[in-house]
$ cat work32.cif   # mmCIF, C-alpha atoms
data_model
#
loop_
_atom_site.label_atom_id
_atom_site.label_comp_id
_atom_site.auth_asym_id
_atom_site.auth_seq_id
_atom_site.Cartn_x
_atom_site.Cartn_y
_atom_site.Cartn_z
CA MET A 1 0.00 0.00 0.00
CA ASN A 2 2.73 2.45 0.95
CA PHE A 3 4.79 1.58 -2.13
CA LEU A 4 1.86 2.37 -4.44
CA GLU A 5 0.74 5.41 -2.41
CA PHE A 6 3.95 7.30 -3.07
CA ALA A 7 4.65 5.76 -6.47
CA VAL A 8 1.54 7.62 -7.66
CA TRP A 9 3.11 10.91 -6.58
CA GLY A 10 6.64 10.19 -7.77
CA ALA A 11 5.48 9.67 -11.36
CA TYR A 12 5.03 13.41 -11.95
CA LEU A 13 5.99 15.50 -8.91
CA THR A 14 9.61 16.21 -9.86
CA CYS A 15 9.30 16.19 -13.67
CA MET A 16 5.93 17.83 -14.32
CA GLY A 17 7.54 21.22 -14.97
CA ASN A 18 9.26 20.00 -18.14
CA TYR A 19 5.96 18.95 -19.72
CA LEU A 20 4.14 22.10 -18.62
CA GLY A 21 6.74 24.18 -20.46
CA THR A 22 6.10 22.46 -23.79
CA ALA A 23 2.32 22.48 -23.20
CA GLY A 24 2.19 26.27 -22.96
CA LEU A 25 1.88 26.38 -19.17
CA GLY A 26 5.49 27.11 -18.30
CA ASP A 27 4.69 30.41 -16.59
CA LYS A 28 2.19 28.62 -14.34
CA ILE A 29 4.49 25.90 -12.95
CA SER A 30 4.44 27.50 -9.51
CA TRP A 31 0.63 27.40 -9.48
CA PHE A 32 0.57 23.68 -10.20
CA TYR A 33 2.67 23.07 -7.10
CA ALA A 34 0.85 25.70 -5.05
CA ILE A 35 -2.44 23.88 -5.69
CA GLN A 36 -1.06 20.97 -3.68
CA GLY A 37 -0.50 23.29 -0.75
CA ILE A 38 -3.91 24.95 -1.07
CA VAL A 39 -5.86 21.69 -1.01
CA SER A 40 -3.66 20.44 1.86
CA ILE A 41 -5.15 23.18 4.04
CA PHE A 42 -8.64 21.70 4.09
CA MET A 43 -9.03 18.40 2.17
CA PRO A 44 -7.13 16.11 4.61
CA THR A 45 -9.25 17.45 7.47
CA LEU A 46 -12.52 16.93 5.60
CA MET A 47 -11.59 13.40 4.52
CA GLY A 48 -10.42 12.67 8.07
CA ILE A 49 -13.87 13.53 9.41
CA VAL A 50 -15.48 11.25 6.81
CA ALA A 51 -13.08 8.42 7.73
CA ASP A 52 -13.81 8.89 11.44
CA LYS A 53 -17.60 8.85 11.14
CA TYR A 54 -18.92 7.44 7.88
CA ILE A 55 -16.56 5.35 5.70
CA GLN A 56 -13.84 2.97 6.82
CA PRO A 57 -10.43 4.55 6.08
CA GLN A 58 -9.16 1.79 3.77
CA ARG A 59 -12.31 2.09 1.65
CA LEU A 60 -12.18 5.87 1.58
CA LEU A 61 -8.51 5.58 0.58
CA GLY A 62 -9.58 3.48 -2.39
CA LEU A 63 -12.38 5.84 -3.39
CA CYS A 64 -10.08 8.87 -3.23
CA HIS A 65 -7.56 7.12 -5.46
CA LEU A 66 -10.34 6.18 -7.88
CA LEU A 67 -11.22 9.85 -8.29
CA ALA A 68 -7.62 11.12 -8.23
CA GLY A 69 -6.58 8.54 -10.80
CA GLY A 70 -9.57 9.22 -13.02
CA PHE A 71 -8.89 12.95 -13.14
CA MET A 72 -5.17 12.35 -13.71
CA LEU A 73 -5.97 10.08 -16.65
CA GLY A 74 -8.09 12.95 -17.94
CA CYS A 75 -4.95 15.12 -17.96
CA TRP A 76 -3.16 12.40 -19.92
CA TRP A 77 -6.02 12.23 -22.43
CA LEU A 78 -5.91 15.97 -23.05
CA GLY A 79 -2.18 15.67 -23.66
CA THR A 80 -2.62 12.89 -26.21
CA GLU A 81 -5.29 14.94 -27.99
CA ALA A 82 -2.87 17.86 -28.30
CA GLY A 83 0.03 15.66 -29.41
CA PHE A 84 3.67 15.41 -28.39
CA GLY A 85 5.42 18.75 -28.00
CA GLN A 86 2.24 20.73 -28.71
CA GLN A 87 0.48 23.31 -26.58
CA LEU A 88 -2.75 22.26 -24.91
CA PRO A 89 -5.77 23.76 -26.70
CA ASP A 90 -7.89 23.71 -23.52
CA GLN A 91 -5.54 24.74 -20.74
CA SER A 92 -8.34 25.64 -18.32
CA LEU A 93 -9.79 22.13 -18.45
CA PHE A 94 -6.32 20.63 -17.94
CA ILE A 95 -5.76 22.81 -14.85
CA ALA A 96 -9.22 21.90 -13.50
CA LEU A 97 -8.65 18.15 -13.93
CA TYR A 98 -5.20 18.37 -12.33
CA SER A 99 -6.59 20.37 -9.40
CA LEU A 100 -9.34 17.82 -8.78
CA SER A 101 -6.85 14.96 -8.96
CA VAL A 102 -4.53 16.60 -6.43
CA ALA A 103 -7.48 17.53 -4.19
CA PHE A 104 -8.37 13.85 -3.81
CA TYR A 105 -4.78 12.60 -3.70
CA MET A 106 -3.41 14.76 -0.87
CA PRO A 107 -5.81 13.35 1.79
CA THR A 108 -4.71 9.82 0.89
CA ILE A 109 -1.32 10.32 2.57
CA ALA A 110 -3.01 10.68 5.96
CA LEU A 111 -5.60 7.99 5.13
CA ALA A 112 -2.82 5.55 4.25
CA ASN A 113 -1.18 6.21 7.64
CA THR A 114 -4.49 5.77 9.45
CA THR A 115 -5.14 2.50 7.62
CA ALA A 116 -1.64 1.18 8.35
CA PHE A 117 -1.78 2.09 12.04
CA THR A 118 -5.22 0.53 12.49
CA ILE A 119 -4.29 -2.75 10.79
CA LEU A 120 -1.05 -3.01 12.75
CA LYS A 121 -2.81 -2.38 16.06
CA ASN A 122 -5.56 -4.87 15.19
CA ASN A 123 -2.83 -7.47 14.74
CA ALA A 124 -1.12 -6.61 18.05
CA LEU A 125 1.90 -5.04 16.36
CA ASP A 126 3.88 -2.03 17.59
CA THR A 127 3.41 0.99 15.33
CA VAL A 128 6.64 2.64 16.56
CA ASN A 129 8.82 -0.34 15.62
CA ASP A 130 6.84 -1.95 12.81
CA PHE A 131 5.62 1.05 10.80
CA PRO A 132 8.93 2.79 9.85
CA PRO A 133 10.19 -0.13 7.69
CA ILE A 134 6.79 -0.14 5.98
CA ARG A 135 6.87 3.63 5.42
CA VAL A 136 10.34 3.44 3.88
CA LEU A 137 8.78 1.38 1.08
CA GLY A 138 6.78 4.50 0.24
CA THR A 139 10.02 6.31 -0.53
CA VAL A 140 11.15 3.28 -2.55
CA GLY A 141 7.93 3.50 -4.57
CA PHE A 142 8.48 7.23 -5.17
CA ILE A 143 12.01 6.55 -6.43
CA ALA A 144 10.87 3.61 -8.59
CA THR A 145 8.43 5.69 -10.62
CA MET A 146 10.93 8.55 -10.89
CA TRP A 147 13.37 6.12 -12.49
CA PHE A 148 10.66 4.63 -14.67
CA VAL A 149 9.49 7.92 -16.20
CA ASN A 150 13.13 8.99 -16.61
CA CYS A 151 14.06 5.89 -18.62
CA ALA A 152 10.80 4.96 -20.39
CA TYR A 153 10.13 6.45 -23.82
CA PHE A 154 7.70 6.07 -26.67
CA ASP A 155 7.81 6.76 -30.40
CA GLU A 156 6.05 5.65 -33.54
CA THR A 157 7.27 2.07 -33.11
CA GLY A 158 6.06 1.61 -29.52
CA PHE A 159 7.51 1.77 -26.00
CA GLY A 160 10.95 1.02 -24.60
CA PHE A 161 13.64 2.07 -22.14
CA THR A 162 16.73 4.14 -22.78
CA LEU A 163 19.11 6.58 -21.15
CA ALA A 164 20.07 8.30 -24.40
CA ASP A 165 16.96 9.11 -26.42
CA ASN A 166 15.30 12.25 -25.01
CA ALA A 167 12.73 13.00 -27.69
CA HIS A 168 9.83 11.06 -26.23
CA LYS A 169 10.87 10.28 -22.68
CA PHE A 170 7.96 10.04 -20.28
CA GLN A 171 9.52 12.70 -18.04
CA TYR A 172 9.04 15.29 -20.82
CA THR A 173 5.54 14.23 -21.89
CA TYR A 174 1.96 13.63 -20.77
CA MET A 175 2.78 9.93 -20.24
CA GLN A 176 3.89 10.71 -16.68
CA PHE A 177 0.24 11.46 -15.88
CA PHE A 178 -0.80 8.14 -17.41
CA VAL A 179 1.62 6.27 -15.11
CA SER A 180 0.29 8.14 -12.07
CA GLY A 181 -3.36 7.63 -12.97
CA LEU A 182 -2.89 3.93 -13.73
CA LEU A 183 -1.12 3.31 -10.40
CA SER A 184 -3.96 5.11 -8.58
CA MET A 185 -6.43 2.69 -10.16
CA VAL A 186 -4.29 -0.28 -9.12
CA LEU A 187 -4.13 1.01 -5.54
CA CYS A 188 -7.88 1.65 -5.55
CA ALA A 189 -8.51 -2.01 -6.36
CA TYR A 190 -5.96 -3.15 -3.79
CA CYS A 191 -7.51 -1.07 -1.00
CA PHE A 192 -10.70 -3.11 -1.16
CA THR A 193 -8.70 -6.26 -0.40
CA LEU A 194 -7.26 -4.82 2.83
CA PRO A 195 -8.54 -5.92 6.27
CA GLU A 196 -11.44 -3.98 7.74
CA CYS A 197 -10.71 -0.88 9.81
CA LYS A 198 -14.00 -0.67 11.66
CA LEU A 199 -15.32 2.71 12.71
CA GLU A 200 -15.26 3.41 16.43
CA LYS A 201 -18.41 4.73 18.04
CA LYS A 202 -17.65 7.71 20.22
CA ASP A 203 -20.08 8.45 23.02
CA GLU A 204 -18.77 11.91 23.84
CA LYS A 205 -20.00 14.78 21.72
CA VAL A 206 -17.31 16.65 19.86
CA SER A 207 -17.81 20.24 18.80
CA LEU A 208 -17.39 21.35 15.19
CA VAL A 209 -14.32 23.35 16.23
CA GLU A 210 -12.68 20.20 17.62
CA SER A 211 -13.75 18.11 14.63
CA LEU A 212 -12.02 20.51 12.28
CA GLY A 213 -8.93 20.61 14.48
CA LEU A 214 -9.30 24.36 15.07
CA ASN A 215 -8.82 23.99 18.84
CA ALA A 216 -5.09 23.59 18.17
CA PHE A 217 -4.90 27.28 17.25
CA LYS A 218 -4.92 28.12 20.95
CA LEU A 219 -1.27 27.03 20.92
CA PHE A 220 -0.50 30.42 19.36
CA LYS A 221 -1.16 31.96 22.78
CA THR A 222 2.20 30.55 23.88
CA LYS A 223 5.11 32.56 22.49
CA ARG A 224 7.34 29.50 22.08
CA MET A 225 4.73 27.55 20.11
CA ALA A 226 3.72 30.60 18.10
CA LEU A 227 7.35 31.09 17.02
CA PHE A 228 7.63 27.40 16.19
CA PHE A 229 4.58 27.44 13.90
CA ILE A 230 5.63 30.72 12.27
CA PHE A 231 9.06 29.30 11.47
CA SER A 232 7.38 26.09 10.29
CA ALA A 233 5.54 28.15 7.68
CA LEU A 234 8.71 30.03 6.72
CA LEU A 235 10.65 26.81 6.25
CA GLY A 236 7.67 25.29 4.48
CA MET A 237 8.19 27.94 1.80
CA CYS A 238 11.26 25.97 0.70
CA LEU A 239 9.59 22.55 0.41
CA GLN A 240 8.28 22.58 -3.16
CA VAL A 241 10.81 24.92 -4.79
CA THR A 242 13.17 22.22 -6.04
CA ASN A 243 10.31 19.81 -6.81
CA GLY A 244 8.92 22.43 -9.15
CA PHE A 245 12.07 23.87 -10.70
CA ALA A 246 14.97 21.41 -10.35
CA GLY A 247 13.76 19.48 -13.41
CA PRO A 248 13.40 22.48 -15.75
CA PHE A 249 16.70 23.86 -14.40
CA LEU A 250 18.73 20.71 -15.14
CA THR A 251 17.00 20.14 -18.48
CA SER A 252 17.73 23.74 -19.53
CA PHE A 253 21.37 22.76 -20.08
CA ASN A 254 20.17 20.88 -23.18
CA ALA A 255 19.83 24.31 -24.80
CA SER A 256 23.56 25.01 -24.41
CA PRO A 257 25.54 25.45 -27.67
CA ASP A 258 28.33 23.38 -26.07
CA PRO A 259 27.70 19.71 -27.00
CA ALA A 260 29.51 18.51 -23.88
CA ILE A 261 26.98 20.35 -21.72
CA ALA A 262 23.90 19.75 -23.87
CA ASP A 263 24.51 15.98 -24.04
CA SER A 264 25.64 15.55 -20.43
CA PHE A 265 24.08 12.92 -18.19
CA ALA A 266 22.69 15.55 -15.79
CA ALA A 267 20.92 17.46 -18.56
CA ASP A 268 19.48 14.31 -20.15
CA ASN A 269 18.41 12.57 -16.91
CA ALA A 270 17.14 15.27 -14.57
CA THR A 271 14.58 13.00 -12.90
CA LEU A 272 17.09 10.22 -12.34
CA LEU A 273 19.61 12.65 -10.85
CA THR A 274 17.12 14.29 -8.49
CA SER A 275 16.02 10.83 -7.26
CA ILE A 276 19.21 10.89 -5.18
CA SER A 277 17.29 13.33 -2.99
CA GLN A 278 14.70 10.68 -2.15
CA ILE A 279 17.39 8.06 -1.53
CA SER A 280 19.05 10.47 0.89
CA GLU A 281 15.68 11.08 2.51
CA ALA A 282 15.22 7.37 3.21
CA PHE A 283 18.61 7.15 4.95
CA CYS A 284 18.23 10.38 6.92
CA ILE A 285 14.99 9.18 8.51
CA LEU A 286 17.06 6.48 10.23
CA LEU A 287 19.59 9.03 11.54
CA ILE A 288 17.10 11.30 13.32
CA PRO A 289 16.89 9.39 16.66
CA PHE A 290 20.70 9.51 17.04
CA PHE A 291 20.93 13.23 16.24
CA LEU A 292 18.04 14.10 18.55
CA ARG A 293 19.65 12.28 21.47
CA ARG A 294 23.07 13.78 20.76
CA PHE A 295 22.24 17.40 19.92
CA GLY A 296 18.66 18.17 20.96
CA ILE A 297 15.70 19.34 18.95
CA LYS A 298 16.78 22.95 18.30
CA ILE A 299 20.15 21.96 16.80
CA VAL A 300 18.50 19.29 14.66
CA MET A 301 16.02 21.86 13.31
CA LEU A 302 18.87 24.29 12.64
CA MET A 303 20.69 21.56 10.72
CA SER A 304 17.62 21.30 8.51
CA MET A 305 17.41 25.05 7.91
CA PHE A 306 21.06 25.42 6.96
CA ALA A 307 20.83 22.27 4.84
CA TRP A 308 18.30 24.19 2.72
CA VAL A 309 20.96 26.88 2.23
CA PHE A 310 23.32 24.25 0.82
CA ARG A 311 20.52 22.59 -1.15
CA PHE A 312 19.89 25.79 -3.10
CA GLY A 313 23.48 27.05 -3.04
CA PHE A 314 24.94 23.88 -4.59
CA PHE A 315 22.45 24.17 -7.44
CA GLY A 316 23.59 27.75 -7.94
CA ILE A 317 27.28 26.92 -8.34
CA GLY A 318 26.95 23.52 -10.03
CA GLU A 319 27.48 22.58 -13.69
CA PRO A 320 26.27 19.48 -15.58
CA THR A 321 29.82 18.40 -16.45
CA MET A 322 32.65 17.32 -14.17
CA PRO A 323 33.61 18.57 -11.66
CA GLY A 324 30.58 20.89 -11.38
CA VAL A 325 28.08 18.02 -11.42
CA ILE A 326 29.41 16.99 -8.00
CA PHE A 327 27.64 20.04 -6.55
CA PHE A 328 24.35 18.81 -8.03
CA ILE A 329 24.90 15.46 -6.35
CA LEU A 330 25.78 17.15 -3.04
CA SER A 331 22.61 19.23 -3.31
CA CYS A 332 20.57 16.05 -3.62
CA ILE A 333 22.37 14.42 -0.70
CA VAL A 334 21.76 17.30 1.73
CA TYR A 335 18.06 17.28 0.75
CA GLY A 336 17.53 14.35 3.11
CA VAL A 337 18.70 16.47 6.05
CA ALA A 338 16.82 19.55 4.82
CA PHE A 339 13.49 17.75 4.45
CA ASP A 340 13.49 15.06 7.14
CA PHE A 341 15.26 16.76 10.01
CA PHE A 342 12.62 19.46 10.30
CA ASN A 343 9.49 17.54 9.33
CA VAL A 344 10.13 14.54 11.56
CA SER A 345 11.79 16.32 14.48
CA GLY A 346 9.14 19.05 14.27
CA GLY A 347 6.44 16.42 14.59
CA ILE A 348 8.22 14.99 17.64
CA PHE A 349 8.46 18.46 19.19
CA VAL A 350 4.72 19.04 18.71
CA ASP A 351 3.96 15.65 20.25
CA GLN A 352 6.12 16.43 23.30
CA GLU A 353 4.83 19.94 23.89
CA CYS A 354 1.06 19.46 23.46
CA GLU A 355 -1.47 17.98 25.82
CA PRO A 356 -2.87 14.60 24.71
CA ARG A 357 -6.36 15.73 23.75
CA ILE A 358 -5.10 18.16 21.10
CA LYS A 359 -2.05 16.27 19.84
CA ALA A 360 -3.76 15.12 16.65
CA SER A 361 -5.05 18.63 15.95
CA ALA A 362 -1.63 20.11 16.68
CA GLN A 363 0.00 17.73 14.21
CA GLY A 364 -2.58 18.79 11.65
CA LEU A 365 -1.77 22.43 12.36
CA PHE A 366 1.94 21.71 11.92
CA MET A 367 1.29 20.09 8.54
CA MET A 368 -1.01 22.92 7.51
CA MET A 369 1.62 25.55 8.32
CA THR A 370 4.41 23.68 6.47
CA ASN A 371 2.81 21.83 3.56
CA GLY A 372 -0.23 24.08 3.28
CA ILE A 373 0.31 27.77 3.93
CA GLY A 374 4.11 27.80 3.79
CA ALA A 375 4.48 25.64 0.69
CA THR A 376 1.78 27.57 -1.16
CA ILE A 377 3.24 31.01 -0.51
CA GLY A 378 6.79 29.81 -1.09
CA THR A 379 6.02 28.11 -4.39
CA LEU A 380 4.20 31.14 -5.77
CA ALA A 381 7.00 33.46 -4.64
CA ALA A 382 9.60 31.15 -6.18
CA GLY A 383 7.64 31.17 -9.43
CA GLU A 384 7.79 34.96 -9.53
CA VAL A 385 11.56 34.88 -8.96
CA VAL A 386 12.13 32.29 -11.71
CA ASN A 387 9.83 34.07 -14.16
CA SER A 388 11.74 37.30 -13.52
CA PHE A 389 15.16 35.83 -14.35
CA CYS A 390 14.30 33.02 -16.80
CA GLN A 391 12.11 32.51 -19.86
CA TRP A 392 10.99 29.60 -22.04
CA GLU A 393 12.85 29.26 -25.35
CA ASN A 394 12.37 26.28 -27.68
CA GLY A 395 10.96 24.14 -24.88
CA TYR A 396 13.67 25.01 -22.31
CA LEU A 397 13.50 27.37 -19.34
CA VAL A 398 16.74 29.32 -19.71
CA GLY A 399 18.13 32.41 -17.99
CA GLU A 400 19.93 33.50 -14.82
CA TRP A 401 19.36 30.30 -12.86
CA SER A 402 22.27 30.89 -10.50
CA THR A 403 20.70 34.15 -9.35
CA CYS A 404 17.43 32.35 -8.59
CA TRP A 405 19.12 29.65 -6.51
CA PHE A 406 21.16 32.21 -4.57
CA VAL A 407 17.99 34.19 -3.79
CA PHE A 408 16.40 31.02 -2.38
CA ALA A 409 19.59 30.18 -0.44
CA GLY A 410 19.67 33.70 1.03
CA PHE A 411 16.09 33.37 2.22
CA ALA A 412 16.83 30.03 3.93
CA LEU A 413 19.93 31.55 5.57
CA VAL A 414 17.92 34.45 7.03
CA VAL A 415 15.27 32.07 8.37
CA GLY A 416 17.95 29.87 9.96
CA VAL A 417 19.72 32.79 11.67
CA LEU A 418 16.44 34.23 13.01
CA PHE A 419 15.40 30.79 14.29
CA ALA A 420 18.73 30.40 16.11
CA LEU A 421 18.30 33.80 17.78
CA LEU A 422 14.59 33.75 18.63
CA PHE A 423 13.53 30.16 19.28
CA ASN A 424 14.40 28.54 22.62
CA PRO A 425 12.61 25.28 23.48
CA GLN A 426 14.73 24.76 26.60
CA LYS A 427 12.65 27.14 28.75
CA ALA A 428 9.66 24.85 28.72
CA GLN A 429 11.75 21.75 29.45
CA LYS A 430 13.40 23.35 32.52
CA LYS A 431 10.06 24.50 33.84
#

$ encode --input "work32.cif" --output "structure tokens"
Amino acid sequence: MNFLEFAVWGAYLTCMGNYLGTAGLGDKISWFYAIQGIVSIFMPTLMGIVADKYIQPQRLLGLCHLLAGGFMLGCWWLGTEAGFGQQLPDQSLFIALYSLSVAFYMPTIALANTTAFTILKNNALDTVNDFPPIRVLGTVGFIATMWFVNCAYFDETGFGFTLADNAHKFQYTYMQFFVSGLLSMVLCAYCFTLPECKLEKKDEKVSLVESLGLNAFKLFKTKRMALFFIFSALLGMCLQVTNGFAGPFLTSFNASPDPAIADSFAADNATLLTSISQISEAFCILLIPFFLRRFGIKIVMLMSMFAWVFRFGFFGIGEPTMPGVIFFILSCIVYGVAFDFFNVSGGIFVDQECEPRIKASAQGLFMMMTNGIGATIGTLAAGEVVNSFCQWENGYLVGEWSTCWFVFAGFALVVGVLFALLFNPQKAQKK
């Protein structure tokens, strides 16, 4: 289940920008990623209420994937109607179908966790020890489809796999949406074979405010927690920047007049190269307990913030040929620290600091601030920066990319320094 859950996302998340450029939507890349943040503000909560009261979570997971996959296949169909390398004639319909697909996909991440936890508990298994190895398979699934769309291609003779032919690679075409939609349908069918996760009848009446998780907002009354959530949103502004623009950035080197650069491995295999980020992520999850015990939660969070500085900075100084490509690889390696060390350790901090009856709501608030509000604002702002310094030419987004990456690195640096000066979780622990 976890493998398929994230394989659906990995099929298009890091390479969608390349197709949008050729489809006439290059200036709207940031909006396509911002939509994920917008729907993350309310859809997971709404689907969570449905799963708590009306439909068993594993069944609702299947239904959401049925809808998400159907709408994603609609995007693929519009692409085939337009043809390879052609602009979409009905861009508004494409955006609508994509938005609906994402709206039903984003809640499935939480529903998949709920389903896994329930089944494990029903079988007397320990979620703390038994779930992490299962969740890692989600990252494996994400990487697997990244590699697939990077290597798979199609032409007039059919389908195949290659690392050399770029003309019809899935990562540059509407076929990435077909892979995602098809996997959603497979997962939909699989969900209805999973063990039952029976609904629990709750005798106590819960207010609408508590049902929507809004009671967690009272945490803003505490200065320490208010600062934490504010910085969560600020750091969340970095989350989708490289997902949206790393692919177009690396692929833009294909437009270079220098054959050594245009035909380099990095320029031809952007999705494969950036998959190192997800491999790093899988390993860094396992390092968090050691770092938390050794350095404490503030230092671990600071490591994440400054890792974002290096993530962007290495992209800014890198080149697709040796030795510059080493900086691209280093950027992908530090991504694991940048992403995991804040998201996971931040979740642990929220769990430790909040009273039991609002822990679930507080976790939802943390996710809303990072993946919802922060990611939305950050992606749109990043889009404005990229559109100011770069432009689409012959299917490639070319321009002053180094300036863009240094702007993003500077923002992350400022956030990290302010966090180091203003945030102090030790006061609460001493008290």

$ residues_around --input "work32.cif" --residues "segment 277-289 of chain A" --least-positions-apart "5" --cutoff "7 Å" --atoms "only C-alpha atoms" --output "compact mmCIF listing (two decimals) with C-alpha atoms, keeping the file's coordinate frame"
# COMPACT_ATOMS: atom_id res chain seq x y z
CA VAL A 136 10.34 3.44 3.88
CA THR A 139 10.02 6.31 -0.53
CA ILE A 143 12.01 6.55 -6.43
CA CYS A 332 20.57 16.05 -3.62
CA ILE A 333 22.37 14.42 -0.70
CA TYR A 335 18.06 17.28 0.75
CA GLY A 336 17.53 14.35 3.11
CA VAL A 337 18.70 16.47 6.05
CA ASP A 340 13.49 15.06 7.14
CA PHE A 341 15.26 16.76 10.01

$ residues_around --input "work32.cif" --residues "Phe423 of chain A" --least-positions-apart "2" --cutoff "8 Å" --atoms "only C-alpha atoms" --output "number ranges by chain"
A: 224, 227-228, 298, 419-421, 425

$ closest_residue --input "work32.cif" --among "A:Gly70, A:Gly181, A:Pro107, A:Gly24" --to "Glu393 of chain A" --atoms "only C-alpha atoms"
A:Gly24

$ closest_residue --input "work32.cif" --among "A:Val398, A:Ser180, A:Met305, A:Ala103" --to "Ile41 of chain A" --atoms "all atoms listed in the file"
A:Ala103

$ closest_residue --input "work32.cif" --among "A:Phe315, A:Phe117, A:Phe310, A:Phe71" --to "Tyr105 of chain A" --atoms "only C-alpha atoms"
A:Phe71

$ closest_residue --input "work32.cif" --among "A:Met175, A:Val149, A:Leu183, A:Ile35" --to "Phe6 of chain A" --atoms "only C-alpha atoms"
A:Leu183
